[in-house]
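Q: Sending over query-v6.tsv (TSV, C-alpha atoms).
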chain	number	residue	atom	x	y	z
A	1	TRP	CA	-29.71	75.48	16.67
A	2	VAL	CA	-28.36	75.12	20.16
A	3	TYR	CA	-27.76	77.82	22.73
A	4	VAL	CA	-24.75	77.18	24.98
A	5	ALA	CA	-25.04	78.95	28.32
A	6	PRO	CA	-22.12	81.41	28.70
A	7	ARG	CA	-21.91	80.73	32.43
A	8	VAL	CA	-21.65	77.10	33.45
A	9	GLN	CA	-21.24	75.56	36.86
A	10	MET	CA	-17.91	73.92	37.62
A	11	VAL	CA	-17.91	70.60	39.45
A	12	ASP	CA	-15.18	69.20	41.64
A	13	PHE	CA	-14.86	65.78	39.99
A	14	LEU	CA	-13.65	67.29	36.70
A	15	PRO	CA	-10.52	69.31	35.99
A	16	PRO	CA	-11.20	73.03	36.52
A	17	SER	CA	-11.18	73.65	32.77
A	18	ILE	CA	-13.91	71.10	31.97
A	19	PRO	CA	-17.40	72.38	32.88
A	20	ILE	CA	-20.72	70.65	32.75
A	21	LEU	CA	-22.55	72.13	29.75
A	22	GLU	CA	-26.11	73.34	29.93
A	23	VAL	CA	-27.44	72.89	26.41
A	24	SER	CA	-30.91	73.14	24.95
A	25	PHE	CA	-32.29	73.11	21.42
A	26	ASP	CA	-34.25	76.29	20.73
A	27	TYR	CA	-34.90	76.35	16.97
A	28	THR	CA	-34.88	74.26	13.82
A	29	SER	CA	-33.66	75.12	10.33
A	30	ASN	CA	-36.16	72.63	8.87
A	31	ILE	CA	-39.10	74.63	7.55
A	32	LEU	CA	-41.40	71.61	7.31
A	33	ALA	CA	-40.73	70.77	10.97
A	34	GLY	CA	-41.66	74.33	11.85
A	35	LYS	CA	-44.89	74.07	9.88
A	36	LEU	CA	-45.94	70.66	11.20
A	37	TYR	CA	-44.87	70.95	14.83
A	38	GLY	CA	-44.74	74.67	15.56
A	39	ILE	CA	-40.99	74.70	16.26
A	40	PRO	CA	-39.51	78.19	15.80
A	41	VAL	CA	-37.58	78.31	12.51
A	42	ARG	CA	-34.19	80.03	12.40
A	43	GLY	CA	-31.19	79.86	10.13
A	44	THR	CA	-28.78	81.90	8.06
A	45	VAL	CA	-28.09	82.39	4.37
A	46	ALA	CA	-26.57	79.54	2.37
A	47	HIS	CA	-23.20	79.58	0.63
A	48	SER	CA	-25.03	79.07	-2.65
A	49	PHE	CA	-26.98	82.32	-2.11
A	50	ILE	CA	-23.79	84.28	-1.58
A	51	MET	CA	-22.02	82.67	-4.54
A	52	SER	CA	-24.93	83.51	-6.84
A	53	PHE	CA	-23.97	87.22	-6.80
A	54	ARG	CA	-21.12	88.75	-8.76
A	55	SER	CA	-21.45	92.51	-8.27
A	56	LEU	CA	-23.48	95.22	-6.57
A	57	GLU	CA	-25.17	95.96	-9.89
A	58	GLU	CA	-27.16	92.74	-9.47
A	59	VAL	CA	-28.89	93.89	-6.28
A	60	GLN	CA	-32.62	94.41	-6.90
A	61	PRO	CA	-34.37	96.16	-5.25
A	62	ARG	CA	-31.69	98.59	-4.14
A	63	VAL	CA	-33.35	100.95	-1.69
A	64	LEU	CA	-34.27	100.63	1.99
A	65	SER	CA	-36.26	103.07	4.09
A	66	PRO	CA	-34.97	104.04	7.55
A	67	LEU	CA	-36.62	102.19	10.41
A	68	GLU	CA	-38.25	105.35	11.76
A	69	GLY	CA	-39.39	106.44	8.30
A	70	GLY	CA	-37.99	108.89	5.80
A	71	GLU	CA	-36.59	108.89	2.31
A	72	PRO	CA	-35.43	105.48	1.00
A	73	VAL	CA	-31.64	105.09	0.75
A	74	ASP	CA	-29.59	103.28	-1.89
A	75	LEU	CA	-28.17	100.56	0.39
A	76	PRO	CA	-25.50	99.18	-2.02
A	77	SER	CA	-23.89	102.62	-2.29
A	78	LEU	CA	-24.11	103.22	1.46
A	79	ALA	CA	-22.61	99.80	2.23
A	80	GLU	CA	-19.73	100.34	-0.23
A	81	SER	CA	-18.89	103.67	1.40
A	82	TRP	CA	-18.84	101.96	4.78
A	83	LEU	CA	-16.63	99.20	3.38
A	84	GLN	CA	-13.95	101.74	2.55
A	85	ARG	CA	-13.96	102.99	6.14
A	86	VAL	CA	-13.99	99.48	7.63
A	87	CYS	CA	-11.04	98.38	5.47
A	88	GLU	CA	-9.12	101.49	6.46
A	89	LEU	CA	-9.80	100.74	10.13
A	90	LEU	CA	-8.75	97.08	9.82
A	91	GLY	CA	-5.74	97.78	7.62
A	92	THR	CA	-7.23	95.59	4.87
A	93	PRO	CA	-6.90	96.59	1.19
A	94	SER	CA	-10.32	97.71	0.03
A	95	ASP	CA	-10.06	95.64	-3.15
A	96	LYS	CA	-9.78	92.34	-1.22
A	97	PRO	CA	-13.40	91.92	-0.04
A	98	ASN	CA	-15.44	90.01	-2.63
A	99	ARG	CA	-18.00	92.34	-4.19
A	100	GLY	CA	-20.37	89.49	-5.00
A	101	GLU	CA	-20.41	88.60	-1.31
A	102	LEU	CA	-21.07	92.24	-0.44
A	103	ALA	CA	-23.95	92.25	-2.93
A	104	ALA	CA	-25.42	89.12	-1.35
A	105	PHE	CA	-25.23	90.67	2.13
A	106	VAL	CA	-26.85	93.86	0.88
A	107	SER	CA	-29.63	91.97	-0.90
A	108	TYR	CA	-30.32	89.93	2.23
A	109	ALA	CA	-30.31	93.08	4.37
A	110	ILE	CA	-32.86	94.78	2.12
A	111	ALA	CA	-35.13	91.74	2.38
A	112	PHE	CA	-34.65	91.24	6.13
A	113	PRO	CA	-33.34	94.50	7.62
A	114	GLN	CA	-34.35	93.55	11.17
A	115	ASP	CA	-32.95	90.02	10.90
A	116	PHE	CA	-29.69	90.64	9.08
A	117	GLN	CA	-26.94	88.12	9.69
A	118	GLY	CA	-23.85	87.16	7.75
A	119	LEU	CA	-22.29	83.85	6.73
A	120	LEU	CA	-18.64	84.86	6.77
A	121	ASP	CA	-16.58	82.01	5.31
A	122	THR	CA	-17.76	81.64	1.71
A	123	TYR	CA	-14.47	83.19	0.55
A	124	CYS	CA	-12.24	84.35	3.40
A	125	VAL	CA	-13.45	85.38	6.85
A	126	MET	CA	-10.89	88.07	7.68
A	127	ARG	CA	-10.18	89.47	4.21
A	128	SER	CA	-13.74	89.41	2.85
A	129	GLY	CA	-16.61	88.03	4.89
A	130	LEU	CA	-16.07	90.02	8.07
A	131	PRO	CA	-15.33	93.40	6.41
A	132	ASN	CA	-18.34	92.98	4.13
A	133	PHE	CA	-20.59	92.07	7.05
A	134	CYS	CA	-19.40	95.02	9.12
A	135	ALA	CA	-19.96	97.38	6.22
A	136	VAL	CA	-23.56	96.26	5.68
A	137	ALA	CA	-24.30	96.09	9.42
A	138	LEU	CA	-22.98	99.63	9.93
A	139	ALA	CA	-25.02	100.85	6.96
A	140	LEU	CA	-28.11	99.28	8.50
A	141	HIS	CA	-27.24	100.87	11.85
A	142	GLN	CA	-27.14	104.26	10.16
A	143	LEU	CA	-30.74	103.60	9.08
A	144	GLY	CA	-31.82	102.54	12.56
A	145	TYR	CA	-31.53	98.74	12.24
A	146	ARG	CA	-29.42	96.29	14.26
A	147	ALA	CA	-27.72	93.19	12.83
A	148	ILE	CA	-28.48	90.02	14.80
A	149	GLY	CA	-25.47	87.77	14.20
A	150	VAL	CA	-22.77	86.13	12.13
A	151	ARG	CA	-22.04	82.48	11.31
A	152	LEU	CA	-18.76	80.62	10.80
A	153	ASP	CA	-18.94	77.32	8.95
A	154	SER	CA	-15.37	76.10	8.34
A	155	GLY	CA	-11.79	76.27	9.54
A	156	ASP	CA	-10.59	76.79	13.11
A	157	LEU	CA	-13.89	77.90	14.61
A	158	ILE	CA	-12.43	78.76	18.00
A	159	GLN	CA	-9.66	80.99	16.65
A	160	GLN	CA	-11.95	82.56	14.07
A	161	SER	CA	-14.53	83.35	16.74
A	162	LYS	CA	-11.87	85.20	18.75
A	163	GLU	CA	-10.67	87.16	15.72
A	164	THR	CA	-14.25	87.96	14.72
A	165	ARG	CA	-15.08	89.21	18.22
A	166	ARG	CA	-11.95	91.40	18.19
A	167	VAL	CA	-12.99	93.04	14.93
A	168	LEU	CA	-16.61	93.51	16.06
A	169	ARG	CA	-15.44	95.15	19.27
A	170	ALA	CA	-13.06	97.38	17.36
A	171	CYS	CA	-15.84	98.53	15.05
A	172	GLY	CA	-18.09	99.35	17.98
A	173	HIS	CA	-15.58	100.94	20.36
A	174	PRO	CA	-16.42	104.60	20.96
A	175	LEU	CA	-12.83	105.61	21.85
A	176	LEU	CA	-10.62	103.94	19.28
A	177	LEU	CA	-12.43	104.95	16.13
A	178	ARG	CA	-13.18	108.16	14.29
A	179	PRO	CA	-16.73	109.61	14.39
A	180	GLY	CA	-19.37	107.36	12.88
A	181	PHE	CA	-18.06	104.11	14.43
A	182	GLN	CA	-19.38	104.66	17.93
A	183	VAL	CA	-21.71	101.67	18.01
A	184	PRO	CA	-21.42	100.10	21.50
A	185	TRP	CA	-23.70	97.12	20.79
A	186	PHE	CA	-21.60	96.06	17.81
A	187	GLY	CA	-19.04	94.22	19.92
A	188	SER	CA	-21.69	91.89	21.37
A	189	ILE	CA	-23.17	90.69	18.08
A	190	PRO	CA	-23.79	86.93	18.55
A	191	ILE	CA	-21.39	84.54	16.84
A	192	ALA	CA	-22.82	81.22	15.66
A	193	VAL	CA	-20.86	78.27	14.30
A	194	SER	CA	-21.70	75.12	12.36
A	195	ASN	CA	-19.79	72.36	10.51
A	196	ASP	CA	-20.11	68.88	12.04
A	197	ILE	CA	-20.54	70.16	15.59
A	198	SER	CA	-20.53	67.44	18.25
A	199	GLU	CA	-20.58	67.26	22.05
A	200	ARG	CA	-16.78	67.17	21.96
A	201	SER	CA	-16.76	70.34	19.87
A	202	VAL	CA	-18.95	72.16	22.38
A	203	GLU	CA	-16.69	71.02	25.22
A	204	ASP	CA	-13.66	72.38	23.32
A	205	PHE	CA	-15.42	75.70	22.68
A	206	VAL	CA	-15.99	76.23	26.41
A	207	ARG	CA	-12.63	74.88	27.58
A	208	GLU	CA	-10.62	77.02	25.16
A	209	GLY	CA	-12.48	80.22	25.89
A	210	SER	CA	-14.04	80.75	22.48
A	211	GLU	CA	-16.30	83.70	21.67
A	212	ILE	CA	-19.03	81.40	20.32
A	213	ASP	CA	-22.59	82.14	21.43
A	214	MET	CA	-24.58	79.58	19.44
A	215	VAL	CA	-23.89	76.33	17.65
A	216	GLY	CA	-25.79	74.77	14.77
A	217	VAL	CA	-26.01	71.00	15.14
A	218	GLY	CA	-27.00	68.97	12.09
A	219	THR	CA	-25.13	65.84	11.06
A	220	ASN	CA	-24.25	64.69	14.56
A	221	LEU	CA	-27.84	65.16	15.71
A	222	VAL	CA	-29.68	63.27	12.98
A	223	THR	CA	-27.09	60.55	12.32
A	224	CYS	CA	-25.83	59.85	15.88
A	225	PRO	CA	-22.39	58.55	14.78
A	226	LEU	CA	-21.43	57.41	18.29
A	227	GLN	CA	-24.40	55.02	18.29
A	228	PRO	CA	-25.62	54.73	14.71
A	229	SER	CA	-28.38	52.25	15.56
A	230	LEU	CA	-30.56	51.53	18.56
A	231	GLY	CA	-31.29	47.86	19.10
A	232	CYS	CA	-35.02	47.59	19.82
A	233	VAL	CA	-36.89	44.30	19.54
A	234	TYR	CA	-40.41	43.07	20.27
A	235	LYS	CA	-40.56	40.06	22.56
A	236	LEU	CA	-43.36	38.43	24.54
A	237	VAL	CA	-43.12	38.65	28.33
A	238	GLU	CA	-46.42	36.93	29.18
A	239	VAL	CA	-48.79	34.54	27.39
A	240	ASN	CA	-52.31	33.93	28.73
A	241	GLY	CA	-51.27	35.10	32.19
A	242	SER	CA	-48.07	33.00	32.31
A	243	PRO	CA	-44.71	34.86	32.34
A	244	CYS	CA	-42.30	33.79	29.60
A	245	LEU	CA	-38.65	34.35	28.86
A	246	LYS	CA	-36.46	34.50	25.77
A	247	PHE	CA	-33.41	32.53	26.93
A	248	THR	CA	-29.99	32.95	25.33
A	249	GLU	CA	-26.35	32.65	26.30
A	250	GLU	CA	-25.98	36.36	25.56
A	251	GLU	CA	-27.30	37.84	28.77
A	252	GLU	CA	-27.96	41.27	27.27
A	253	LYS	CA	-30.39	39.69	24.78
A	254	MET	CA	-32.52	37.93	27.39
A	255	THR	CA	-35.89	39.46	28.16
A	256	ILE	CA	-37.28	40.32	31.59
A	257	PRO	CA	-40.44	38.22	32.14
A	258	GLY	CA	-43.85	39.29	33.34
A	259	ILE	CA	-45.96	42.43	33.15
A	260	LYS	CA	-43.98	45.10	34.96
A	261	ALA	CA	-44.20	48.47	36.62
A	262	ILE	CA	-41.28	50.93	36.42
A	263	TYR	CA	-40.17	53.31	39.15
A	264	ARG	CA	-37.52	56.05	39.25
A	265	LEU	CA	-35.70	56.31	42.57
A	266	TYR	CA	-34.20	59.56	43.84
A	267	ASP	CA	-31.46	60.30	46.36
A	268	ALA	CA	-31.50	62.93	49.12
A	269	ALA	CA	-30.11	65.56	46.72
A	270	GLY	CA	-33.07	65.09	44.37
A	271	HIS	CA	-31.10	63.26	41.68
A	272	PRO	CA	-32.46	60.03	40.17
A	273	PHE	CA	-29.98	57.26	40.96
A	274	MET	CA	-31.75	54.16	39.62
A	275	ASP	CA	-34.72	52.93	37.60
A	276	LEU	CA	-36.39	49.89	39.15
A	277	MET	CA	-38.51	47.23	37.43
A	278	ALA	CA	-41.06	45.36	39.53
A	279	LEU	CA	-43.85	42.96	38.76
A	280	GLU	CA	-47.15	44.74	38.20
A	281	ASN	CA	-48.77	43.21	41.31
A	282	GLU	CA	-45.91	44.17	43.65
A	283	PRO	CA	-46.39	47.10	46.03
A	284	SER	CA	-44.65	50.32	45.10
A	285	PRO	CA	-41.25	50.96	46.75
A	286	SER	CA	-41.64	53.06	49.90
A	287	VAL	CA	-39.76	56.27	50.59
A	288	GLY	CA	-37.08	55.79	53.25
A	289	GLN	CA	-37.55	52.02	53.40
A	290	GLU	CA	-34.60	49.73	52.69
A	291	LEU	CA	-35.05	47.62	49.60
A	292	ALA	CA	-33.04	44.73	48.14
A	293	VAL	CA	-32.58	44.98	44.34
A	294	HIS	CA	-30.53	43.25	41.66
A	295	ILE	CA	-28.79	45.59	39.21
A	296	LEU	CA	-28.92	44.33	35.65
A	297	GLY	CA	-25.54	43.43	34.24
A	298	ARG	CA	-24.03	42.78	37.65
A	299	ARG	CA	-23.71	39.31	39.11
A	300	GLY	CA	-23.68	38.53	42.81
A	301	GLU	CA	-25.65	39.44	45.88
A	302	ALA	CA	-28.50	41.89	46.00
A	303	THR	CA	-27.79	45.58	46.56
A	304	LYS	CA	-29.50	47.39	49.45
A	305	ILE	CA	-30.93	50.84	48.64
A	306	ARG	CA	-33.05	53.38	50.48
A	307	PRO	CA	-34.77	55.90	48.13
A	308	SER	CA	-35.58	59.41	49.30
A	309	ALA	CA	-38.31	59.73	46.66
A	310	VAL	CA	-40.10	57.35	44.28
A	311	LYS	CA	-41.80	58.24	41.00
A	312	PRO	CA	-43.86	55.76	38.90
A	313	LEU	CA	-42.83	56.00	35.23
A	314	HIS	CA	-45.24	53.70	33.45
A	315	ARG	CA	-48.19	55.48	31.79
A	316	MET	CA	-50.80	53.79	29.62
A	317	TYR	CA	-51.49	55.79	26.45
A	318	LEU	CA	-52.63	52.97	24.16
A	319	ARG	CA	-54.86	50.07	25.14
A	320	ASP	CA	-56.29	47.56	22.66
A	321	GLY	CA	-55.21	49.81	19.81
A	322	GLN	CA	-57.05	52.86	21.16
A	323	VAL	CA	-55.66	56.07	22.65
A	324	CYS	CA	-56.80	56.04	26.29
A	325	GLU	CA	-55.00	59.17	27.52
A	326	GLU	CA	-54.44	62.46	25.73
A	327	LEU	CA	-51.02	62.54	24.12
A	328	PRO	CA	-48.69	65.34	25.26
A	329	SER	CA	-47.83	68.17	22.90
A	330	LEU	CA	-44.38	68.50	21.37
A	331	GLN	CA	-43.61	71.37	23.73
A	332	GLU	CA	-44.65	69.25	26.73
A	333	VAL	CA	-42.43	66.39	25.53
A	334	ARG	CA	-39.54	68.79	25.04
A	335	SER	CA	-39.96	70.38	28.47
A	336	HIS	CA	-40.28	66.98	30.16
A	337	ALA	CA	-37.14	65.66	28.47
A	338	GLN	CA	-35.12	68.76	29.38
A	339	ALA	CA	-36.32	68.69	32.99
A	340	SER	CA	-35.46	65.01	33.29
A	341	LEU	CA	-31.96	65.57	31.93
A	342	ASN	CA	-31.42	68.51	34.26
A	343	LEU	CA	-32.24	66.30	37.26
A	344	LEU	CA	-29.56	63.74	36.40
A	345	SER	CA	-26.51	63.78	38.65
A	346	PRO	CA	-23.39	65.35	37.09
A	347	VAL	CA	-21.62	61.98	37.38
A	348	HIS	CA	-24.01	60.61	34.74
A	349	ARG	CA	-23.99	63.73	32.55
A	350	GLN	CA	-20.27	64.40	32.27
A	351	LEU	CA	-18.92	64.02	28.75
A	352	ARG	CA	-15.77	62.14	29.73
A	353	ASP	CA	-16.23	58.71	31.34
A	354	PRO	CA	-19.76	59.18	32.71
A	355	GLN	CA	-20.94	56.71	35.31
A	356	PRO	CA	-23.53	54.28	33.87
A	357	TYR	CA	-27.06	54.88	35.07
A	358	PRO	CA	-28.21	51.61	36.71
A	359	VAL	CA	-31.43	49.74	36.02
A	360	ALA	CA	-32.44	47.10	38.57
A	361	VAL	CA	-35.16	44.52	39.30
A	362	THR	CA	-36.85	43.73	42.57
A	363	GLU	CA	-36.06	40.57	44.52
A	364	LYS	CA	-39.39	39.00	43.46
A	365	LEU	CA	-38.80	39.74	39.77
A	366	HIS	CA	-35.23	38.46	40.06
A	367	LEU	CA	-36.46	35.15	41.52
A	368	LEU	CA	-38.94	34.78	38.66
A	369	LEU	CA	-36.15	35.44	36.16
A	370	VAL	CA	-33.90	32.82	37.77
A	371	GLU	CA	-36.76	30.32	37.91
A	372	LEU	CA	-37.50	30.67	34.19
A	373	GLN	CA	-33.81	30.56	33.32
A	374	ASN	CA	-33.43	27.28	35.20
A	375	ALA	CA	-36.53	25.84	33.54
A	376	SER	CA	-35.17	26.78	30.11
A	377	GLN	CA	-31.90	25.01	30.82
Using C-alpha cells, write down the structure that the file contains.
A:
Amino acid sequence: WVYVAPRVQMVDFLPPSIPILEVSFDYTSNILAGKLYGIPVRGTVAHSFIMSFRSLEEVQPRVLSPLEGGEPVDLPSLAESWLQRVCELLGTPSDKPNRGELAAFVSYAIAFPQDFQGLLDTYCVMRSGLPNFCAVALALHQLGYRAIGVRLDSGDLIQQSKETRRVLRACGHPLLLRPGFQVPWFGSIPIAVSNDISERSVEDFVREGSEIDMVGVGTNLVTCPLQPSLGCVYKLVEVNGSPCLKFTEEEEKMTIPGIKAIYRLYDAAGHPFMDLMALENEPSPSVGQELAVHILGRRGEATKIRPSAVKPLHRMYLRDGQVCEELPSLQEVRSHAQASLNLLSPVHRQLRDPQPYPVAVTEKLHLLLVELQNASQ
C-alpha cells in the first residue's frame, strides 16, 4: 500500500497541473512478508469474502458490545435500520443494496470493529456498496467505533472517488441531515483504490483532483511492465592483478576494466548530479576542485565538473565468501533508499521525460579503457 501525500510541491519546469509526487510504501498485504521481515500488514476484505454471503441470516456471531461497555447489540438489525435511513437520504431505493454484501460488511465489522473498512465495488458502488458501507459504519459509530476506510477496485476510480467523498460528506454533515447523522469525521474517511495502479495512474489522480488518499500497488510493482527484465551479467575486470576487458561492437555490453571505487557527486543545492567510477588506487575526488571526467554513452572530449560534496559509495560486505560487515536491517535499507530518492533533483524524478542520471569515469580509467580497447582490436 502506498500513501500519496495530499500536498505536493509544484516545480517550474512542469505544467502547473503536473506535480512531483512524494510516494512511499508503508505496508504490505503479503502476510508472509510481514512475518519474515516485520513489515506492517494491511489490507481489505476480498471480493470472494463478500460474495460468500447471501443474507443477514448467515451472520454469526450477530452481537457486538459497545466500545465503552454495555449490553451487546444485534449489529445486523442495527445496520439494516441504518440502511433504510441512508437510502432515504441518498434517494436510493432501499431494495437495491445487496443484502449479501451488507451481511459481509456486518460480519467483518463484528470481527474487526476498530478496523472496519469496506470494499465497495463487488456489485455496484453507488447503488449497493456505498449505502451498505455507510449503514454499517454509522451503526458502529452508534456503538462508539470509527470506520477506517473504503476501497475502490474497478471502474473510473477518479470519478468514483469524488462521488464517494460526496456521499461520505453528506452522511456526516451536521446541518443537512436529520438527527442521528451528525458525524463530522465521516466525510474524511480515507478512500483507497487498487486495480493495476501505475505511476501514470497516480499522476492522473493528482492532476485531476481525485479524492483518493491511498493506492494499493500490486501488479505494476512486482512485474515491472515498463522494464520486465534487468540485464545483469558477471564479467571479470581483473585477473592476477592485470585489468581485463570484454570487448564487443555493442558499446553498452563492454565492461569497465580494473578494480574500481565509486563516488557520488553533489551540486551546491545538495542534489547528486553524477556517479563517478575511478580506479581503486586513485585519490578520491576533492570538494570544489575541477575534475575532468568522461560520461559513459557520450563520445567526445572530457567534461569538466566541480563537485560541492563527494560521497564514497562502495562498501565491502562480503570478502572471500564471509560477511565482513554487519548487514543493514530491512528498515535501514528502506530508509536509505527513500532518503536517496528524495535527494535526487526533480529533473531526474519527473515522470514525463526525466533527464538521464549520468555515470562517468575518471580520466585515468578512461585511458585504461581506451588502451585495452585498442589492444583488443
Q: So, with all atoms listed in the file as the atoms that count, which of A:Tyr123, A:Phe181, A:Trp82, A:Tyr357 lies closest to Leu296 in chain A?
A: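 When distances to Leu296 in chain A are compared using all atoms listed in the file, the smallest one comes from A:Tyr357.
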Q: Counting only C-alpha atoms, which residue out of A:Leu83, A:Leu36, A:Leu90, A:Leu102 sits closest to Thr164 in chain A?
A: A:Leu90
Q: For Val193 in chain A, please output as a VMD selection string all residues within 12 Å (counting only C-alpha atoms; exclusion window: fewer than 4 positions along the same chain).
A: chain A and resid 1 to 4 43 to 44 118 to 121 149 to 161 164 197 to 198 201 to 202 205 210 to 218
Q: Can you tell me, as a PDB file with C-alpha atoms, in the coordinates of the input, what residues are no more than 9 Å from Pro93 in chain A when counting only C-alpha atoms, ignoring any on the same chain fewer than 5 positions away?
A:
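After the write, out-v6.pdb holds the following:
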ATOM      1  CA  GLN A  84     -13.950 101.740   2.550  1.00  0.00           C
ATOM      2  CA  CYS A  87     -11.040  98.380   5.470  1.00  0.00           C
ATOM      3  CA  GLU A  88      -9.120 101.490   6.460  1.00  0.00           C
ATOM      4  CA  ARG A 127     -10.180  89.470   4.210  1.00  0.00           C
TER       5      ARG A 127
END
Q: I'd like the contact shell of range 310-325 of chain A - 7 Å cut-off, all atoms listed in the file, skipping same-chain residues fewer than 3 positions apart - returned as a list in words.
A: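 Everything that qualifies: Ala261, Ile262, Tyr263, Arg264, Leu265, Tyr266, Pro285, Val287 and Pro307 of chain A.
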Q: Rounded to one decimal place, report the CA of Ala33 in chain A-CA of Tyr145 in chain A distance in Å.
A: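 Interatomic distance, CA of Ala33 in chain A to CA of Tyr145 in chain A: 29.5 Å.
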Q: Give the answer as one residue: which of A:Pro257, A:Gly129, A:Pro346, A:Pro40 has the shortest atom-to-atom distance to Lys235 in chain A, using all atoms listed in the file?
A: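 Looking at the shortest contact to Lys235 in chain A, the residue is A:Pro257.
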Q: Counting all atoms listed in the file, which residue out of A:Val45, A:Ile305, A:Ala339, A:Val237 sits closest to Leu372 in chain A?
A: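 Ranking A:Val45, A:Ile305, A:Ala339, A:Val237 by distance to Leu372 in chain A, first place goes to A:Val237.
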Q: Mind checking which residues fall within 9 Å of Val41 in chain A, counting all atoms listed in the file, ignoring those fewer than 6 positions away in the same chain, and posting them as a VMD selection string?
A: chain A and resid 27 to 31 33 to 35
Q: Applying 12 Å and all atoms listed in the file, which residues near range 365-371 of chain A remain after dropping the ones on its own chain fewer than 3 positions away? List them as a VMD selection string.
A: chain A and resid 237 242 to 247 251 254 to 262 276 to 282 292 to 296 299 to 302 360 to 362 374 to 377
Q: Any idea what the distance is between CA of Ser345 in chain A and CA of Thr223 in chain A?
A: 26.5 Å
